[in-house]
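Pasting model-v9.pdb here (PDB, C-alpha atoms):
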ATOM      1  CA  MET X  23     -13.305  10.168   7.350
ATOM      2  CA  ALA X  24     -10.301   8.973   5.376
ATOM      3  CA  ILE X  25      -6.852   9.896   4.208
ATOM      4  CA  PRO X  26      -7.110  12.486   1.421
ATOM      5  CA  LYS X  27      -6.378  10.942  -1.959
ATOM      6  CA  ASN X  28      -4.290  13.920  -3.098
ATOM      7  CA  ILE X  29      -1.316  12.916  -0.913
ATOM      8  CA  THR X  30       1.408  11.734  -3.283
ATOM      9  CA  LYS X  31       4.619   9.785  -2.887
ATOM     10  CA  GLU X  32       6.497  13.106  -3.096
ATOM     11  CA  HIS X  33       4.438  14.481  -0.192
ATOM     12  CA  ILE X  34       5.301  11.396   1.849
ATOM     13  CA  LEU X  35       9.003  11.884   1.112
ATOM     14  CA  LYS X  36       8.724  15.522   2.246
ATOM     15  CA  ALA X  37       7.049  14.348   5.458
ATOM     16  CA  ILE X  38       9.944  11.966   6.082
ATOM     17  CA  GLU X  39      12.385  14.859   5.581
ATOM     18  CA  ARG X  40      10.376  16.954   8.044
ATOM     19  CA  ILE X  41      10.536  14.221  10.675
ATOM     20  CA  ASP X  42      14.292  13.904  10.111
ATOM     21  CA  LYS X  43      14.690  17.634  10.792
ATOM     22  CA  GLU X  44      12.623  17.628  13.973
ATOM     23  CA  ILE X  45      14.724  17.186  17.055
ATOM     24  CA  ASN X  46      11.987  16.522  19.581
ATOM     25  CA  PHE X  47       8.625  15.704  18.108
ATOM     26  CA  ASN X  48       5.851  14.641  20.455
ATOM     27  CA  PRO X  49       6.891  11.292  22.002
ATOM     28  CA  ASN X  50       3.279  10.142  21.804
ATOM     29  CA  ARG X  51       3.674  10.219  18.016
ATOM     30  CA  LYS X  52       6.607   7.773  17.920
ATOM     31  CA  GLU X  53       6.217   4.359  16.330
ATOM     32  CA  ARG X  54       4.767   1.774  18.707
ATOM     33  CA  VAL X  55       3.715  -1.296  16.779
ATOM     34  CA  TRP X  56       4.060  -0.456  13.077
ATOM     35  CA  ALA X  57       6.823   1.541  11.424
ATOM     36  CA  LEU X  58       7.844   2.522   7.956
ATOM     37  CA  ARG X  59      11.490   1.700   7.312
ATOM     38  CA  TYR X  60      13.054   4.109   4.842
ATOM     39  CA  ASN X  61      16.810   4.507   4.312
ATOM     40  CA  ASN X  62      17.419   2.267   7.341
ATOM     41  CA  LYS X  63      15.434   4.551   9.658
ATOM     42  CA  LEU X  64      12.068   3.931  11.271
ATOM     43  CA  TYR X  65       9.164   6.346  10.973
ATOM     44  CA  PRO X  66       5.726   6.263  12.627
ATOM     45  CA  CYS X  67       3.260   5.503   9.847
ATOM     46  CA  LYS X  68       0.475   7.739  11.093
ATOM     47  CA  LEU X  69       2.829  10.665  11.660
ATOM     48  CA  VAL X  70       4.168  10.336   8.125
ATOM     49  CA  ILE X  71       0.653  10.500   6.695
ATOM     50  CA  SER X  72      -0.348  13.326   9.026
ATOM     51  CA  TYR X  73       2.653  15.418   7.970
ATOM     52  CA  ALA X  74       2.327  14.478   4.291
ATOM     53  CA  ASN X  75      -1.156  15.966   4.283
ATOM     54  CA  PHE X  76       0.345  19.394   4.964
ATOM     55  CA  TYR X  77       1.824  19.730   1.486
ATOM     56  CA  PRO X  78      -1.325  19.442  -0.635
ATOM     57  CA  ASN X  79      -3.876  20.533   2.001
ATOM     58  CA  LYS X  80      -1.985  23.125   4.098
ATOM     59  CA  GLU X  81      -2.505  21.409   7.455
ATOM     60  CA  ASP X  82      -1.309  18.330   9.287
ATOM     61  CA  LEU X  83      -3.973  15.649   9.234
ATOM     62  CA  ASP X  84      -5.572  14.941  12.591
ATOM     63  CA  SER X  85      -4.424  11.426  13.408
ATOM     64  CA  SER X  86      -7.202  10.515  15.802
ATOM     65  CA  PRO X  87      -8.802   7.130  15.040
ATOM     66  CA  THR X  88     -12.010   8.849  13.967
ATOM     67  CA  ILE X  89     -10.069  10.408  11.074
ATOM     68  CA  PHE X  90      -7.810   7.510  10.066
ATOM     69  CA  THR X  91      -6.403   4.375  11.622
ATOM     70  CA  THR X  92      -2.931   2.893  11.639
ATOM     71  CA  TYR X  93      -4.095   0.201   9.233
ATOM     72  CA  MET X  94      -5.391   2.853   6.837
ATOM     73  CA  ALA X  95      -1.975   4.546   7.013
ATOM     74  CA  LEU X  96      -0.201   1.226   6.345
ATOM     75  CA  GLN X  97      -2.348   0.510   3.313
ATOM     76  CA  TYR X  98      -1.937   4.047   1.971
ATOM     77  CA  LEU X  99       1.848   3.854   2.281
ATOM     78  CA  LYS X 100       1.895   0.465   0.544
ATOM     79  CA  ASN X 101      -0.282   1.804  -2.260
ATOM     80  CA  LYS X 102       2.273   4.588  -2.780
ATOM     81  CA  GLY X 103       5.131   2.108  -3.059
ATOM     82  CA  PHE X 104       6.421   2.132   0.520
ATOM     83  CA  ASN X 105       6.418  -1.592   1.204
ATOM     84  CA  ASP X 106       9.053  -1.837   3.928
ATOM     85  CA  ILE X 107       6.623  -1.659   6.826
ATOM     86  CA  ILE X 108       7.499  -3.670   9.878
ATOM     87  CA  ASN X 109       5.704  -4.884  12.945
ATOM     88  CA  LEU X 110       7.903  -3.821  15.857
ATOM     89  CA  LYS X 111       6.338  -6.362  18.209
ATOM     90  CA  GLU X 112       7.362  -9.225  15.925
ATOM     91  CA  LYS X 113      10.858  -7.767  15.528
ATOM     92  CA  LYS X 114      11.740  -8.416  19.175
TER      93      LYS X 114
END
Produce structure tokens that represent the structure in this file.
Amino acid sequence: MAIPKNITKEHILKAIERIDKEINFNPNRKERVWALRYNNKLYPCKLVISYANFYPNKEDLDSSPTIFTTYMALQYLKNKGFNDIINLKEKK
């Protein structure tokens, strides 16, 4: 499967807002290796895409590797103009 093509930059921004509002989202969903940096905050790339899917498709996108990979999420974010993606392992 793949990331639905109807996810827009606006949907991604709404997903970022949703993450900002969540106090305790699942710790397994936190950024591990790759993160989107937006407004000096880090966001897990796959979680952003998963949440962004809710707005056009009315459900969070299953983020299992059989649906989409981290690298697919990175590329999708870059294609939507989110280029500040960092490798956390290189940051240290």
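Using all atoms listed in the file, the contacts of stretch 52-64 of chain X at a cut-off of 6 Å, with sequence neighbours closer than 5 positions omitted, comprise Asp106, Ile107, Ile108, Asn109, Leu110 and Lys111 of chain X.
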Compile the contact shell of stretch 83-88 of chain X as a PyMOL selection string: residues with an atom at most 7 Å away, counting all atoms listed in the file, same-chain residues fewer than 3 positions apart removed. chain X and resi 23+68+72-73+75+91
Assuming the chain letters and numbering stay as they are in my file, what does the PyMOL selection byres ((chain X and resi 77) around 12) actually select? List them as number ranges by chain. X: 26, 28-37, 40, 70-76, 78-83
Report as JSON the centre and the edge lengths, in Å to one decimal, of the axis-aligned box holding every listed atom of stretch 32-47 of chain X, padded by 6 Å on each side.
{"center_x": 9.6, "center_y": 14.5, "center_z": 8.2, "size_x": 22.3, "size_y": 18.2, "size_z": 34.7}
Atom CA of X:Phe104 sits from atom CA of X:Ile41 at a separation of 16.3 Å
Just the number, please: distance in Å from atom CA of X:Glu44 to atom CA of X:Asn105, one decimal.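 About the pair atom CA of X:Glu44 and atom CA of X:Asn105: they are 23.9 Å apart.
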Looking at all atoms listed in the file, which of X:Ala95, X:Phe90, X:Lys100, X:Lys43 is the one that sits closest to X:Cys67?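 Looking at the shortest contact to X:Cys67, the residue is X:Ala95.
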